[in-house]
>>> print(open('model27.pdb').read())   # PDB, C-alpha atoms
ATOM      1  CA  MET A 187      -5.914  40.275  25.299  1.00  0.00           C
ATOM      2  CA  SER A 188      -5.426  37.255  23.070  1.00  0.00           C
ATOM      3  CA  ARG A 189      -5.131  37.672  19.349  1.00  0.00           C
ATOM      4  CA  PRO A 190      -7.821  36.060  17.210  1.00  0.00           C
ATOM      5  CA  ARG A 191      -6.743  32.779  15.692  1.00  0.00           C
ATOM      6  CA  ARG A 192      -5.990  32.977  11.993  1.00  0.00           C
ATOM      7  CA  PRO A 193      -8.161  30.639   9.961  1.00  0.00           C
ATOM      8  CA  LEU A 194      -6.509  27.734   8.206  1.00  0.00           C
ATOM      9  CA  PRO A 195      -6.227  27.854   4.410  1.00  0.00           C
ATOM     10  CA  LYS A 196      -9.363  26.325   2.865  1.00  0.00           C
ATOM     11  CA  TRP A 197      -7.572  23.188   1.671  1.00  0.00           C
ATOM     12  CA  LEU A 198      -6.114  22.548   5.125  1.00  0.00           C
ATOM     13  CA  GLU A 199      -9.454  23.243   6.790  1.00  0.00           C
ATOM     14  CA  ARG A 200     -11.068  20.656   4.523  1.00  0.00           C
ATOM     15  CA  ALA A 201      -8.327  18.173   5.464  1.00  0.00           C
ATOM     16  CA  ARG A 202      -8.973  18.841   9.160  1.00  0.00           C
ATOM     17  CA  ARG A 203     -12.696  18.245   8.738  1.00  0.00           C
ATOM     18  CA  LEU A 204     -12.093  15.040   6.764  1.00  0.00           C
ATOM     19  CA  LEU A 205      -9.935  13.668   9.569  1.00  0.00           C
ATOM     20  CA  LEU A 206     -12.174  14.745  12.453  1.00  0.00           C
ATOM     21  CA  GLN A 207     -15.680  14.634  10.939  1.00  0.00           C
ATOM     22  CA  PRO A 208     -15.442  12.420   7.852  1.00  0.00           C
ATOM     23  CA  SER A 209     -19.152  11.638   7.430  1.00  0.00           C
ATOM     24  CA  ALA A 210     -20.183  15.285   7.673  1.00  0.00           C
ATOM     25  CA  GLU A 211     -17.451  16.432   5.284  1.00  0.00           C
ATOM     26  CA  TRP A 212     -18.189  13.714   2.706  1.00  0.00           C
ATOM     27  CA  ALA A 213     -21.846  14.804   2.826  1.00  0.00           C
ATOM     28  CA  VAL A 214     -20.662  18.305   1.851  1.00  0.00           C
ATOM     29  CA  ILE A 215     -18.228  17.041  -0.812  1.00  0.00           C
ATOM     30  CA  ALA A 216     -20.594  14.591  -2.554  1.00  0.00           C
ATOM     31  CA  PRO A 217     -23.008  17.151  -4.100  1.00  0.00           C
ATOM     32  CA  GLU A 218     -20.384  19.825  -4.843  1.00  0.00           C
ATOM     33  CA  PHE A 219     -20.429  20.777  -8.502  1.00  0.00           C
ATOM     34  CA  THR A 220     -16.834  20.937  -9.659  1.00  0.00           C
ATOM     35  CA  THR A 221     -14.373  19.821 -12.328  1.00  0.00           C
ATOM     36  CA  PRO A 222     -10.887  18.281 -12.059  1.00  0.00           C
ATOM     37  CA  GLY A 223      -9.210  21.719 -12.292  1.00  0.00           C
ATOM     38  CA  PRO A 224     -10.447  23.081  -8.955  1.00  0.00           C
ATOM     39  CA  ILE A 225      -9.866  19.760  -7.188  1.00  0.00           C
ATOM     40  CA  TYR A 226      -6.261  19.820  -8.357  1.00  0.00           C
ATOM     41  CA  GLY A 227      -5.718  23.558  -7.985  1.00  0.00           C
ATOM     42  CA  ARG A 228      -7.401  24.076  -4.631  1.00  0.00           C
ATOM     43  CA  TYR A 229      -6.544  20.805  -2.908  1.00  0.00           C
ATOM     44  CA  LEU A 230      -4.242  18.329  -4.630  1.00  0.00           C
ATOM     45  CA  ILE A 231      -1.432  20.656  -5.648  1.00  0.00           C
ATOM     46  CA  PRO A 232      -0.677  21.706  -2.061  1.00  0.00           C
ATOM     47  CA  MET A 233      -1.539  18.355  -0.448  1.00  0.00           C
ATOM     48  CA  ALA A 234       0.469  16.189  -2.840  1.00  0.00           C
ATOM     49  CA  ALA A 235       3.494  18.454  -2.307  1.00  0.00           C
ATOM     50  CA  ILE A 236       3.713  17.811   1.455  1.00  0.00           C
ATOM     51  CA  GLY A 237       5.450  14.418   1.258  1.00  0.00           C
ATOM     52  CA  PRO A 238       7.895  15.148  -1.571  1.00  0.00           C
ATOM     53  CA  VAL A 239       8.921  18.519  -0.093  1.00  0.00           C
ATOM     54  CA  ALA A 240       9.324  17.021   3.391  1.00  0.00           C
ATOM     55  CA  ALA A 241      11.308  14.056   2.021  1.00  0.00           C
ATOM     56  CA  THR A 242      13.585  16.352   0.018  1.00  0.00           C
ATOM     57  CA  LEU A 243      14.236  18.651   2.980  1.00  0.00           C
ATOM     58  CA  GLY A 244      14.657  15.683   5.324  1.00  0.00           C
ATOM     59  CA  THR A 245      17.177  14.105   2.991  1.00  0.00           C
ATOM     60  CA  ILE A 246      19.171  17.332   2.731  1.00  0.00           C
ATOM     61  CA  ILE A 247      19.083  17.970   6.494  1.00  0.00           C
ATOM     62  CA  SER A 248      20.118  14.397   7.334  1.00  0.00           C
ATOM     63  CA  GLY A 249      23.114  14.461   5.010  1.00  0.00           C
ATOM     64  CA  GLY A 250      21.606  12.380   2.216  1.00  0.00           C
ATOM     65  CA  GLU A 251      19.735   9.753   4.227  1.00  0.00           C
ATOM     66  CA  ARG A 252      16.334   8.779   2.850  1.00  0.00           C
ATOM     67  CA  SER A 253      13.895   6.187   4.183  1.00  0.00           C
ATOM     68  CA  SER A 254      10.980   4.364   2.661  1.00  0.00           C
ATOM     69  CA  LEU A 255       9.049   1.176   3.314  1.00  0.00           C
ATOM     70  CA  ALA A 256      11.812  -0.593   1.388  1.00  0.00           C
ATOM     71  CA  GLY A 257      14.540   0.614   3.767  1.00  0.00           C
ATOM     72  CA  THR A 258      17.042   3.424   4.256  1.00  0.00           C
ATOM     73  CA  TYR A 259      19.539   4.522   1.637  1.00  0.00           C
ATOM     74  CA  THR A 260      21.814   7.480   0.891  1.00  0.00           C
ATOM     75  CA  ILE A 261      21.469   9.854  -2.061  1.00  0.00           C
ATOM     76  CA  SER A 262      22.987  13.172  -3.105  1.00  0.00           C
ATOM     77  CA  VAL A 263      21.243  16.519  -2.693  1.00  0.00           C
ATOM     78  CA  ALA A 264      20.676  16.735  -6.458  1.00  0.00           C
ATOM     79  CA  ASP A 265      19.116  13.275  -6.463  1.00  0.00           C
ATOM     80  CA  ALA A 266      16.955  14.219  -3.461  1.00  0.00           C
ATOM     81  CA  VAL A 267      15.567  17.215  -5.357  1.00  0.00           C
ATOM     82  CA  THR A 268      15.054  15.111  -8.501  1.00  0.00           C
ATOM     83  CA  ALA A 269      13.290  12.418  -6.476  1.00  0.00           C
ATOM     84  CA  GLY A 270      11.036  15.020  -4.845  1.00  0.00           C
ATOM     85  CA  VAL A 271       9.996  16.502  -8.183  1.00  0.00           C
ATOM     86  CA  LEU A 272       9.468  13.045  -9.671  1.00  0.00           C
ATOM     87  CA  GLU A 273       7.367  11.836  -6.722  1.00  0.00           C
ATOM     88  CA  TYR A 274       5.245  14.972  -6.838  1.00  0.00           C
ATOM     89  CA  GLY A 275       4.546  14.604 -10.554  1.00  0.00           C
ATOM     90  CA  LEU A 276       3.817  10.891 -10.237  1.00  0.00           C
ATOM     91  CA  ASN A 277       1.451  11.567  -7.314  1.00  0.00           C
ATOM     92  CA  LEU A 278      -0.580  14.007  -9.409  1.00  0.00           C
ATOM     93  CA  ILE A 279      -0.768  11.593 -12.348  1.00  0.00           C
ATOM     94  CA  ALA A 280      -1.568   8.605 -10.110  1.00  0.00           C
ATOM     95  CA  VAL A 281      -4.545  10.393  -8.551  1.00  0.00           C
ATOM     96  CA  TYR A 282      -6.160  10.818 -11.949  1.00  0.00           C
ATOM     97  CA  LEU A 283      -5.499   7.190 -12.922  1.00  0.00           C
ATOM     98  CA  LEU A 284      -6.950   5.974  -9.621  1.00  0.00           C
ATOM     99  CA  ALA A 285     -10.005   8.204 -10.182  1.00  0.00           C
ATOM    100  CA  TRP A 286     -10.504   6.438 -13.508  1.00  0.00           C
ATOM    101  CA  LEU A 287     -10.306   3.082 -11.691  1.00  0.00           C
ATOM    102  CA  VAL A 288     -12.842   4.234  -9.074  1.00  0.00           C
ATOM    103  CA  GLU A 289     -15.188   5.287 -11.865  1.00  0.00           C
ATOM    104  CA  LEU A 290     -14.804   1.888 -13.529  1.00  0.00           C
ATOM    105  CA  LEU A 291     -15.325  -0.020 -10.278  1.00  0.00           C
ATOM    106  CA  ALA A 292     -18.397   2.065  -9.381  1.00  0.00           C
ATOM    107  CA  GLY A 293     -20.132   0.872 -12.538  1.00  0.00           C
ATOM    108  CA  SER A 294     -19.268  -2.742 -11.746  1.00  0.00           C
ATOM    109  CA  LEU A 295     -20.348  -2.537  -8.103  1.00  0.00           C
ATOM    110  CA  GLY A 296     -23.733  -0.890  -8.506  1.00  0.00           C
ATOM    111  CA  GLY A 297     -22.611   2.685  -7.907  1.00  0.00           C
ATOM    112  CA  GLN A 298     -22.796   5.683 -10.210  1.00  0.00           C
ATOM    113  CA  PRO A 299     -19.714   5.887 -12.427  1.00  0.00           C
ATOM    114  CA  ASN A 300     -18.469   9.456 -12.646  1.00  0.00           C
ATOM    115  CA  ARG A 301     -14.845  10.538 -13.140  1.00  0.00           C
ATOM    116  CA  VAL A 302     -15.093  13.777 -11.130  1.00  0.00           C
ATOM    117  CA  GLN A 303     -16.756  11.956  -8.230  1.00  0.00           C
ATOM    118  CA  GLY A 304     -14.000   9.336  -8.456  1.00  0.00           C
ATOM    119  CA  LEU A 305     -11.440  12.125  -8.344  1.00  0.00           C
ATOM    120  CA  LYS A 306     -13.071  13.442  -5.181  1.00  0.00           C
ATOM    121  CA  ILE A 307     -12.799   9.999  -3.563  1.00  0.00           C
ATOM    122  CA  VAL A 308      -9.115   9.598  -4.411  1.00  0.00           C
ATOM    123  CA  ALA A 309      -7.997  13.178  -3.739  1.00  0.00           C
ATOM    124  CA  TYR A 310      -9.857  13.695  -0.482  1.00  0.00           C
ATOM    125  CA  GLY A 311      -9.728  10.080   0.687  1.00  0.00           C
ATOM    126  CA  ALA A 312      -5.923  10.110   0.513  1.00  0.00           C
ATOM    127  CA  THR A 313      -5.746  13.037   2.952  1.00  0.00           C
ATOM    128  CA  PRO A 314      -4.114  10.999   5.781  1.00  0.00           C
ATOM    129  CA  TYR A 315      -1.473   9.788   3.337  1.00  0.00           C
ATOM    130  CA  TRP A 316      -0.783  13.324   2.100  1.00  0.00           C
ATOM    131  CA  LEU A 317      -0.515  14.700   5.645  1.00  0.00           C
ATOM    132  CA  GLY A 318       1.536  11.738   6.898  1.00  0.00           C
ATOM    133  CA  GLY A 319       4.178  12.715   4.363  1.00  0.00           C
ATOM    134  CA  VAL A 320       5.293  15.540   6.660  1.00  0.00           C
ATOM    135  CA  LEU A 321       7.054  12.937   8.828  1.00  0.00           C
ATOM    136  CA  ALA A 322       9.591  12.491   6.017  1.00  0.00           C
ATOM    137  CA  LEU A 323      11.272  15.605   7.429  1.00  0.00           C
ATOM    138  CA  LEU A 324      12.838  13.082   9.800  1.00  0.00           C
ATOM    139  CA  PRO A 325      13.891  10.257   7.444  1.00  0.00           C
ATOM    140  CA  LYS A 326      13.591   7.510  10.049  1.00  0.00           C
ATOM    141  CA  LEU A 327       9.912   8.452  10.546  1.00  0.00           C
ATOM    142  CA  ALA A 328       8.996   8.461   6.838  1.00  0.00           C
ATOM    143  CA  PRO A 329       7.657   4.862   6.930  1.00  0.00           C
ATOM    144  CA  VAL A 330       5.467   5.821   9.912  1.00  0.00           C
ATOM    145  CA  GLY A 331       3.965   8.603   7.791  1.00  0.00           C
ATOM    146  CA  VAL A 332       3.077   6.069   5.119  1.00  0.00           C
ATOM    147  CA  LEU A 333       1.486   3.837   7.751  1.00  0.00           C
ATOM    148  CA  LEU A 334      -0.578   6.777   9.040  1.00  0.00           C
ATOM    149  CA  GLY A 335      -1.943   6.889   5.517  1.00  0.00           C
ATOM    150  CA  LEU A 336      -3.821   3.681   6.329  1.00  0.00           C
ATOM    151  CA  TYR A 337      -6.478   5.916   7.895  1.00  0.00           C
ATOM    152  CA  SER A 338      -7.398   6.594   4.269  1.00  0.00           C
ATOM    153  CA  VAL A 339      -9.163   3.215   4.289  1.00  0.00           C
ATOM    154  CA  ARG A 340     -11.692   4.642   6.753  1.00  0.00           C
ATOM    155  CA  LEU A 341     -12.169   7.727   4.598  1.00  0.00           C
ATOM    156  CA  PHE A 342     -12.791   5.570   1.525  1.00  0.00           C
ATOM    157  CA  TRP A 343     -15.241   3.436   3.520  1.00  0.00           C
ATOM    158  CA  THR A 344     -17.144   6.522   4.654  1.00  0.00           C
ATOM    159  CA  GLY A 345     -17.018   8.368   1.341  1.00  0.00           C
ATOM    160  CA  LEU A 346     -17.776   5.727  -1.275  1.00  0.00           C
ATOM    161  CA  PRO A 347     -21.495   5.297  -0.459  1.00  0.00           C
ATOM    162  CA  LEU A 348     -22.045   9.060  -0.369  1.00  0.00           C
ATOM    163  CA  VAL A 349     -19.935  10.142  -3.321  1.00  0.00           C
ATOM    164  CA  MET A 350     -20.195   7.167  -5.685  1.00  0.00           C
ATOM    165  CA  LYS A 351     -23.671   6.041  -4.505  1.00  0.00           C
ATOM    166  CA  THR A 352     -22.311   2.580  -3.817  1.00  0.00           C
ATOM    167  CA  PRO A 353     -24.810   0.188  -2.205  1.00  0.00           C
ATOM    168  CA  ARG A 354     -23.901  -0.446   1.438  1.00  0.00           C
ATOM    169  CA  ASP A 355     -23.493  -4.184   0.820  1.00  0.00           C
ATOM    170  CA  LYS A 356     -20.790  -3.457  -1.801  1.00  0.00           C
ATOM    171  CA  THR A 357     -18.922  -0.823   0.219  1.00  0.00           C
ATOM    172  CA  ALA A 358     -16.507  -3.290   1.848  1.00  0.00           C
ATOM    173  CA  ALA A 359     -15.446  -4.791  -1.498  1.00  0.00           C
ATOM    174  CA  PHE A 360     -15.161  -1.352  -3.098  1.00  0.00           C
ATOM    175  CA  THR A 361     -13.110  -0.016  -0.176  1.00  0.00           C
ATOM    176  CA  LEU A 362     -10.798  -3.021  -0.284  1.00  0.00           C
ATOM    177  CA  LEU A 363     -10.209  -2.691  -4.037  1.00  0.00           C
ATOM    178  CA  VAL A 364      -9.569   1.073  -3.868  1.00  0.00           C
ATOM    179  CA  SER A 365      -7.260   0.648  -0.869  1.00  0.00           C
ATOM    180  CA  ILE A 366      -5.235  -2.099  -2.543  1.00  0.00           C
ATOM    181  CA  ALA A 367      -4.949  -0.024  -5.719  1.00  0.00           C
ATOM    182  CA  GLY A 368      -3.794   2.963  -3.644  1.00  0.00           C
ATOM    183  CA  LEU A 369      -1.189   0.909  -1.781  1.00  0.00           C
ATOM    184  CA  LEU A 370       0.138  -0.617  -5.010  1.00  0.00           C
ATOM    185  CA  THR A 371       0.358   2.870  -6.499  1.00  0.00           C
ATOM    186  CA  VAL A 372       2.391   4.151  -3.538  1.00  0.00           C
ATOM    187  CA  LEU A 373       4.753   1.182  -3.831  1.00  0.00           C
ATOM    188  CA  LEU A 374       5.048   1.642  -7.605  1.00  0.00           C
ATOM    189  CA  ILE A 375       5.868   5.352  -7.263  1.00  0.00           C
ATOM    190  CA  ALA A 376       8.538   4.532  -4.655  1.00  0.00           C
ATOM    191  CA  ALA A 377      10.029   1.820  -6.892  1.00  0.00           C
ATOM    192  CA  VAL A 378      10.055   3.997 -10.014  1.00  0.00           C
ATOM    193  CA  THR A 379      11.663   6.864  -8.107  1.00  0.00           C
ATOM    194  CA  ARG A 380      14.298   4.570  -6.621  1.00  0.00           C
ATOM    195  CA  ILE A 381      15.102   3.035 -10.030  1.00  0.00           C
ATOM    196  CA  ILE A 382      15.418   6.398 -11.763  1.00  0.00           C
ATOM    197  CA  ILE A 383      17.506   7.903  -8.946  1.00  0.00           C
TER
END
>>> encode(input="model27.pdb", output="structure tokens")
Amino acid sequence: MSRPRRPLPKWLERARRLLLQPSAEWAVIAPEFTTPGPIYGRYLIPMAAIGPVAATLGTIISGGERSSLAGTYTISVADAVTAGVLEYGLNLIAVYLLAWLVELLAGSLGGQPNRVQGLKIVAYGATPYWLGGVLALLPKLAPVGVLLGLYSVRLFWTGLPLVMKTPRDKTAAFTLLVSIAGLLTVLLIAAVTRIII
């Protein structure tokens, strides 16, 4: 007799649904009444930790080797831990700043400006990026994990009209702007971490 399958934690189940059924999951997310606290506590805190924890462990396991889009370099175990903590903190701050930008852009592009709705877009839309971070366990694959994060563009495209009430004719511009801002943020976090370490 087979044992019943254990359900995934709620945050991971939501991530699975976002990847496999994005339109249906965004339709559930859009009307949810929430505040930033539950979005951070129930989703972002575990999701944003995946990449930094994987990168730290990967660096330790590989003897100090760390890879990014900028190339491969060697750091000490202490620096790997420091970099992981720094990246994690910067990720959590960056999400809120990007949510503010989404709110601002929504008002300019005919959508409904709302900070919590913007936070939903950034937190949940970045799911492929968060999950792709697990590949940093193998330092040479870390850049591939970042590239897998490009699937976030599709999630933004699908979610913006539902969550921010963006007119369909403005969705492409909105998606492009949010995606560019997200990419620049990832590059900035990597640069700041590299400079400090």
>>> residues_around(input="model27.pdb", residues="Leu204 in chain A", least_positions_apart="4", cutoff="8 Å", atoms="all atoms listed in the file", output="MDAnalysis selection string")
chainID A and resid 200 208:209 211:212 310 313 341
>>> resolve_selection(input="model27.pdb", expression="the PyMOL selection byres ((chain A and resi 215) around 12)", output="JSON, numbers by chain")
{"A": [200, 201, 203, 204, 208, 209, 210, 211, 212, 213, 214, 216, 217, 218, 219, 220, 225, 302, 303, 304, 305, 306, 307, 309, 310, 311, 344, 345, 346, 348, 349, 350]}
>>> residues_near_point(input="model27.pdb", point="(10.3, 9.3, -4.0)", cutoff="8 Å", atoms="only C-alpha atoms", output="list in words")
Pro238, Ala241, Ala269, Gly270, Leu272, Glu273, Ile375, Ala376, Thr379 and Arg380 of chain A
>>> resolve_selection(input="model27.pdb", expression="the PyMOL selection byres ((chain A and resi 359) around 12)", output="list in words")
Leu291, Ala292, Ser294, Leu295, Gly296, Val339, Phe342, Trp343, Leu346, Pro347, Thr352, Pro353, Arg354, Asp355, Lys356, Thr357, Ala358, Phe360, Thr361, Leu362, Leu363, Val364, Ser365 and Ile366 of chain A
>>> residues_around(input="model27.pdb", residues="Thr260 in chain A", least_positions_apart="6", cutoff="6 Å", atoms="all atoms listed in the file", output="number ranges by chain")
A: 250-252
>>> atom_distance(input="model27.pdb", atom1="CA of Gly223 in chain A", atom2="CA of Leu284 in chain A")
16.1 Å
>>> atom_distance(input="model27.pdb", atom1="CA of Leu278 in chain A", atom2="CA of Tyr226 in chain A")
8.2 Å
>>> resolve_selection(input="model27.pdb", expression="the PyMOL selection byres ((chain A and resi 318) around 12)", output="compact mmCIF listing (two decimals) with C-alpha atoms, keeping the file's coordinate frame")
# COMPACT_ATOMS: atom_id res chain seq x y z
CA ALA A 201 -8.33 18.17 5.46
CA LEU A 205 -9.94 13.67 9.57
CA MET A 233 -1.54 18.36 -0.45
CA ALA A 234 0.47 16.19 -2.84
CA ALA A 235 3.49 18.45 -2.31
CA ILE A 236 3.71 17.81 1.46
CA GLY A 237 5.45 14.42 1.26
CA PRO A 238 7.90 15.15 -1.57
CA ALA A 240 9.32 17.02 3.39
CA ALA A 241 11.31 14.06 2.02
CA ALA A 312 -5.92 10.11 0.51
CA THR A 313 -5.75 13.04 2.95
CA PRO A 314 -4.11 11.00 5.78
CA TYR A 315 -1.47 9.79 3.34
CA TRP A 316 -0.78 13.32 2.10
CA LEU A 317 -0.52 14.70 5.64
CA GLY A 319 4.18 12.72 4.36
CA VAL A 320 5.29 15.54 6.66
CA LEU A 321 7.05 12.94 8.83
CA ALA A 322 9.59 12.49 6.02
CA LEU A 323 11.27 15.60 7.43
CA LEU A 324 12.84 13.08 9.80
CA LEU A 327 9.91 8.45 10.55
CA ALA A 328 9.00 8.46 6.84
CA PRO A 329 7.66 4.86 6.93
CA VAL A 330 5.47 5.82 9.91
CA GLY A 331 3.96 8.60 7.79
CA VAL A 332 3.08 6.07 5.12
CA LEU A 333 1.49 3.84 7.75
CA LEU A 334 -0.58 6.78 9.04
CA GLY A 335 -1.94 6.89 5.52
CA LEU A 336 -3.82 3.68 6.33
CA TYR A 337 -6.48 5.92 7.90
CA SER A 338 -7.40 6.59 4.27
>>> axis_aligned_box(input="model27.pdb", around="range 285-290 of chain A", padding_each_side="5 Å", output="JSON")
{"center_x": -12.6, "center_y": 5.0, "center_z": -11.3, "size_x": 15.2, "size_y": 16.3, "size_z": 14.5}
>>> closest_residue(input="model27.pdb", among="A:Pro325, A:Pro232, A:Pro299, A:Pro224", to="Tyr274 in chain A", atoms="only C-alpha atoms")
A:Pro232
>>> atom_distance(input="model27.pdb", atom1="CA of Thr371 in chain A", atom2="CA of Ala280 in chain A")
7.0 Å
>>> closest_residue(input="model27.pdb", among="A:Gln207, A:Ser253, A:Thr221, A:Asn300", to="Val288 in chain A", atoms="all atoms listed in the file")
A:Asn300
>>> residues_around(input="model27.pdb", residues="Val271 in chain A", least_positions_apart="4", cutoff="10 Å", atoms="only C-alpha atoms", output="ChimeraX atom specification")
/A:235,238-239,242,265-267,275-277,379
